[in-house]
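**Q** I am attaching a structure below and will ask some questions about it afterwards.
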Amino acid sequence: MAGLTSVQGAVLFASYVGFGGLCADIGVPLGAAAFSTFLIAALPSQLLLIGGYASGSAALVIALAVLLSAARLLPSVVTLLPYLRARFWTQLFASHFIAVTVWVESRRLLPPLPSEGRLPFFFGLVTLFNVSCVTATVLGFLLSGQLPRSLAIGLTFLTPISFLLALTRNSRDLVDYLSLAFGLALAPIFAEFSGRLDLLWTGLVGGAAAWLIHRLRKQKRAI
């Protein structure tokens with residue numbers, strides 16, 4: 001029920017409608033588009049995948065780009081797995097499904113649950129999200145003739161915008177606000193000069209700067 005009433009889930013569904021439309025527009029087969037959603041279920045990585053396909057890049061280059069894009073989710077995995085106490089291989093399998101929307105909703109919904117109920121709830125949530133994303137991809141693909149390209153592109157940006165709003169809403173400490181501010185300021189710079197590693201460098205530099213300022217401020221107060 002939580003997944004059905006999730007605003008983040010609804011935004012994710014709309015984003016994948018746009019993704020399906022883009023796939024149809026650039027000639028990606030329906031089966032490949034739907035399978036990429038089922039297997040990857042992370043929109044930025046999938047946009048790199050179809051972008052590389054459209055530009056004729058080598059398979060190894062596309063795979064490396066997707067791999068580097070997926071590296072941005074490592075902090076999300078590290079912060080979420082403590083809520084999913086289970087055997088190593090079960091946690092490893094669960095980590096595959098952690099993406100932006102899953103992380104936001106899990107951080108909101110898992111803590112109040114008893115520890116033994118968190119893992120089943122998590123797998124139920126990600127199954128619902130995955131099925132809805134595949135359905136949205138197929139729907140967007142089939143509607144491609146009626147879906148303007150500008151609308152399809154706009155729909156794909158709903159997820160990052162929603163994620164930014166959710167982070168702002170959930171921010172509590174100075175380090176949270178500083179991380180957001182540094183990320184927004186540094187992202188265009190690294191996007192211009194760092195290529196495929198822009199998100200990684202933005203997170204490392206912005207997050208480290210925010211943590212350092214927060215740490216120095218706490219030490220100054222202690223004195």
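Chain labels follow the order of the structure tokens: the first chain is A, the next B, and so on; residue numbering restarts at 1 in every chain, and ligands are counted from 1 in their shown order.
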Using the chain letters and numbers from this document, which residues of chain A does DSSP assign to helix (DSSP H, G or I), as a ChimeraX atom specification?

**A** /A:7-26,30-39,43-55,59-83,88-95,100-109,115-142,149-156,158-170,174-193,195-222

**Q** Please, which residues in stretch 65-165 of chain A fall within 7 Å of stretch 40-52 of chain A when counting only C-alpha atoms, and what is the closest atom pair and distance in Å to one decimal for each, ordered by chain then residue number, as a Markdown table?

**A**
```
| residue | atom | partner | partner_atom | distance |
| --- | --- | --- | --- | --- |
| A:Ala65 | CA | A:Leu48 | CA | 6.8 |
| A:Val66 | CA | A:Ser45 | CA | 5.1 |
| A:Ser69 | CA | A:Ser45 | CA | 5.7 |
| A:Ala70 | CA | A:Ser45 | CA | 6.6 |
| A:Ala99 | CA | A:Ala42 | CA | 6.0 |
| A:Asn130 | CA | A:Ala41 | CA | 6.8 |
```

**Q** Please, could you write that set of residues out with C-alpha atoms as a tab-separated table (two decimals), in the first residue's frame?

**A**
```tsv
chain	number	residue	atom	x	y	z
A	65	ALA	CA	29.85	4.82	-18.54
A	66	VAL	CA	26.95	2.93	-16.94
A	69	SER	CA	27.12	6.28	-13.20
A	70	ALA	CA	26.11	3.47	-10.86
A	99	ALA	CA	18.32	3.56	-6.55
A	130	ASN	CA	10.29	-2.28	-10.75
```

**Q** Taking only C-alpha atoms into account, produce a table as a Markdown table in which each residue of stretch 40-154 of chain A with an atom at most 12 Å from an atom of stretch 8-26 of chain A appears once, together with its shortest atom pair and the distance in Å to one decimal, ordered by chain and rising number.

**A**
```
| residue | atom | partner | partner_atom | distance |
| --- | --- | --- | --- | --- |
| A:Ala41 | CA | A:Tyr16 | CA | 9.6 |
| A:Ala42 | CA | A:Tyr16 | CA | 9.9 |
| A:Leu43 | CA | A:Tyr16 | CA | 7.8 |
| A:Pro44 | CA | A:Phe19 | CA | 10.2 |
| A:Ser45 | CA | A:Phe19 | CA | 11.6 |
| A:Gln46 | CA | A:Phe19 | CA | 8.6 |
| A:Leu47 | CA | A:Phe19 | CA | 7.9 |
| A:Leu48 | CA | A:Phe19 | CA | 11.6 |
| A:Leu49 | CA | A:Cys23 | CA | 10.4 |
| A:Ile50 | CA | A:Cys23 | CA | 7.1 |
| A:Gly51 | CA | A:Ile26 | CA | 8.9 |
| A:Gly52 | CA | A:Ile26 | CA | 11.1 |
| A:Tyr53 | CA | A:Ile26 | CA | 9.0 |
| A:Ala54 | CA | A:Ile26 | CA | 6.5 |
| A:Ser55 | CA | A:Ile26 | CA | 9.9 |
| A:Gly56 | CA | A:Ile26 | CA | 11.7 |
| A:Ala99 | CA | A:Leu12 | CA | 11.0 |
| A:Val100 | CA | A:Gln8 | CA | 9.6 |
| A:Thr101 | CA | A:Gln8 | CA | 6.2 |
| A:Val102 | CA | A:Gly9 | CA | 8.6 |
| A:Trp103 | CA | A:Gln8 | CA | 10.5 |
| A:Val104 | CA | A:Gln8 | CA | 8.1 |
| A:Glu105 | CA | A:Gln8 | CA | 7.4 |
| A:Ser106 | CA | A:Gln8 | CA | 11.1 |
| A:Arg108 | CA | A:Gln8 | CA | 11.3 |
| A:Leu125 | CA | A:Gly9 | CA | 9.7 |
| A:Val126 | CA | A:Gly9 | CA | 10.1 |
| A:Thr127 | CA | A:Gly9 | CA | 11.8 |
| A:Leu128 | CA | A:Gly9 | CA | 9.1 |
| A:Phe129 | CA | A:Gly9 | CA | 6.7 |
| A:Asn130 | CA | A:Phe13 | CA | 9.6 |
| A:Val131 | CA | A:Phe13 | CA | 9.9 |
| A:Ser132 | CA | A:Phe13 | CA | 6.4 |
| A:Cys133 | CA | A:Phe13 | CA | 5.6 |
| A:Val134 | CA | A:Tyr16 | CA | 7.8 |
| A:Thr135 | CA | A:Phe13 | CA | 8.4 |
| A:Ala136 | CA | A:Val17 | CA | 4.8 |
| A:Thr137 | CA | A:Gly20 | CA | 4.2 |
| A:Val138 | CA | A:Gly20 | CA | 6.1 |
| A:Leu139 | CA | A:Val17 | CA | 6.2 |
| A:Gly140 | CA | A:Val17 | CA | 4.1 |
| A:Phe141 | CA | A:Gly20 | CA | 4.3 |
| A:Leu142 | CA | A:Gly21 | CA | 7.6 |
| A:Leu143 | CA | A:Gly21 | CA | 6.8 |
| A:Ser144 | CA | A:Gly21 | CA | 4.6 |
| A:Gly145 | CA | A:Gly21 | CA | 8.3 |
| A:Gln146 | CA | A:Gly21 | CA | 9.2 |
| A:Leu147 | CA | A:Gly21 | CA | 6.8 |
| A:Pro148 | CA | A:Gly21 | CA | 8.5 |
| A:Arg149 | CA | A:Leu22 | CA | 7.1 |
| A:Ser150 | CA | A:Gly18 | CA | 9.4 |
| A:Leu151 | CA | A:Gly18 | CA | 7.2 |
| A:Ala152 | CA | A:Gly18 | CA | 3.9 |
| A:Ile153 | CA | A:Gly18 | CA | 6.2 |
| A:Gly154 | CA | A:Gly18 | CA | 7.4 |
```

**Q** Any chance you could export the current selection's C-alpha atoms as a CSV table (one decimal), in the first residue's frame?

**A**
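The result, written out as selection_12.csv:
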```
chain,number,residue,atom,x,y,z
A,41,ALA,CA,16.1,0.4,-12.9
A,42,ALA,CA,18.2,3.6,-12.6
A,43,LEU,CA,17.2,6.3,-15.0
A,44,PRO,CA,20.6,8.2,-15.3
A,45,SER,CA,22.4,4.9,-16.1
A,46,GLN,CA,19.7,4.0,-18.7
A,47,LEU,CA,20.0,7.4,-20.4
A,48,LEU,CA,23.7,6.8,-20.7
A,49,LEU,CA,22.9,3.4,-22.2
A,50,ILE,CA,20.5,4.6,-24.8
A,51,GLY,CA,22.6,7.7,-25.5
A,52,GLY,CA,25.7,5.5,-26.2
A,53,TYR,CA,23.5,3.3,-28.4
A,54,ALA,CA,22.2,6.3,-30.4
A,55,SER,CA,25.7,7.7,-30.9
A,56,GLY,CA,27.2,4.4,-32.0
A,99,ALA,CA,18.3,3.6,-6.5
A,100,VAL,CA,17.3,7.1,-5.8
A,101,THR,CA,13.6,6.7,-5.3
A,102,VAL,CA,14.0,3.4,-3.4
A,103,TRP,CA,16.5,5.1,-1.1
A,104,VAL,CA,14.3,8.1,-0.4
A,105,GLU,CA,11.2,6.0,0.4
A,106,SER,CA,13.2,3.3,2.3
A,108,ARG,CA,11.3,7.3,5.3
A,125,LEU,CA,8.5,-2.0,-2.3
A,126,VAL,CA,11.2,-2.6,-4.9
A,127,THR,CA,9.2,-5.2,-6.7
A,128,LEU,CA,6.2,-2.8,-7.1
A,129,PHE,CA,8.5,0.0,-8.3
A,130,ASN,CA,10.3,-2.3,-10.7
A,131,VAL,CA,7.1,-3.6,-12.2
A,132,SER,CA,5.6,-0.1,-12.5
A,133,CYS,CA,8.7,1.2,-14.2
A,134,VAL,CA,8.8,-1.6,-16.8
A,135,THR,CA,5.0,-1.0,-17.4
A,136,ALA,CA,5.7,2.8,-17.8
A,137,THR,CA,8.5,2.1,-20.2
A,138,VAL,CA,6.3,0.0,-22.4
A,139,LEU,CA,3.5,2.6,-22.1
A,140,GLY,CA,5.8,5.4,-23.1
A,141,PHE,CA,7.2,3.5,-26.0
A,142,LEU,CA,3.7,2.7,-27.4
A,143,LEU,CA,2.6,6.3,-26.9
A,144,SER,CA,5.7,7.6,-28.6
A,145,GLY,CA,3.8,8.8,-31.7
A,146,GLN,CA,1.5,10.9,-29.5
A,147,LEU,CA,4.1,12.0,-27.0
A,148,PRO,CA,6.0,15.2,-28.0
A,149,ARG,CA,9.8,14.9,-27.7
A,150,SER,CA,10.0,17.9,-25.4
A,151,LEU,CA,7.4,16.3,-23.0
A,152,ALA,CA,9.3,13.0,-23.0
A,153,ILE,CA,12.5,14.8,-22.1
A,154,GLY,CA,10.7,16.9,-19.4
```

**Q** From the list A:Pro111, A:Ala94, A:Ile189, A:Tyr177, which residue is nearest A:Gly124 when using only C-alpha atoms?

**A**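 Nearest candidate to A:Gly124 out of A:Pro111, A:Ala94, A:Ile189, A:Tyr177: A:Ala94.
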
**Q** Find, counting only C-alpha atoms, the residue in A:Ser76, A:Gln219, A:Ser179, A:Ser115 that gets nearest to A:Gly207.

**A** A:Ser179

**Q** Go ahead and compute the interatomic distance for atom CA of A:Ser95 and atom CA of A:Leu74, in Å to one decimal.

**A** 9.2 Å
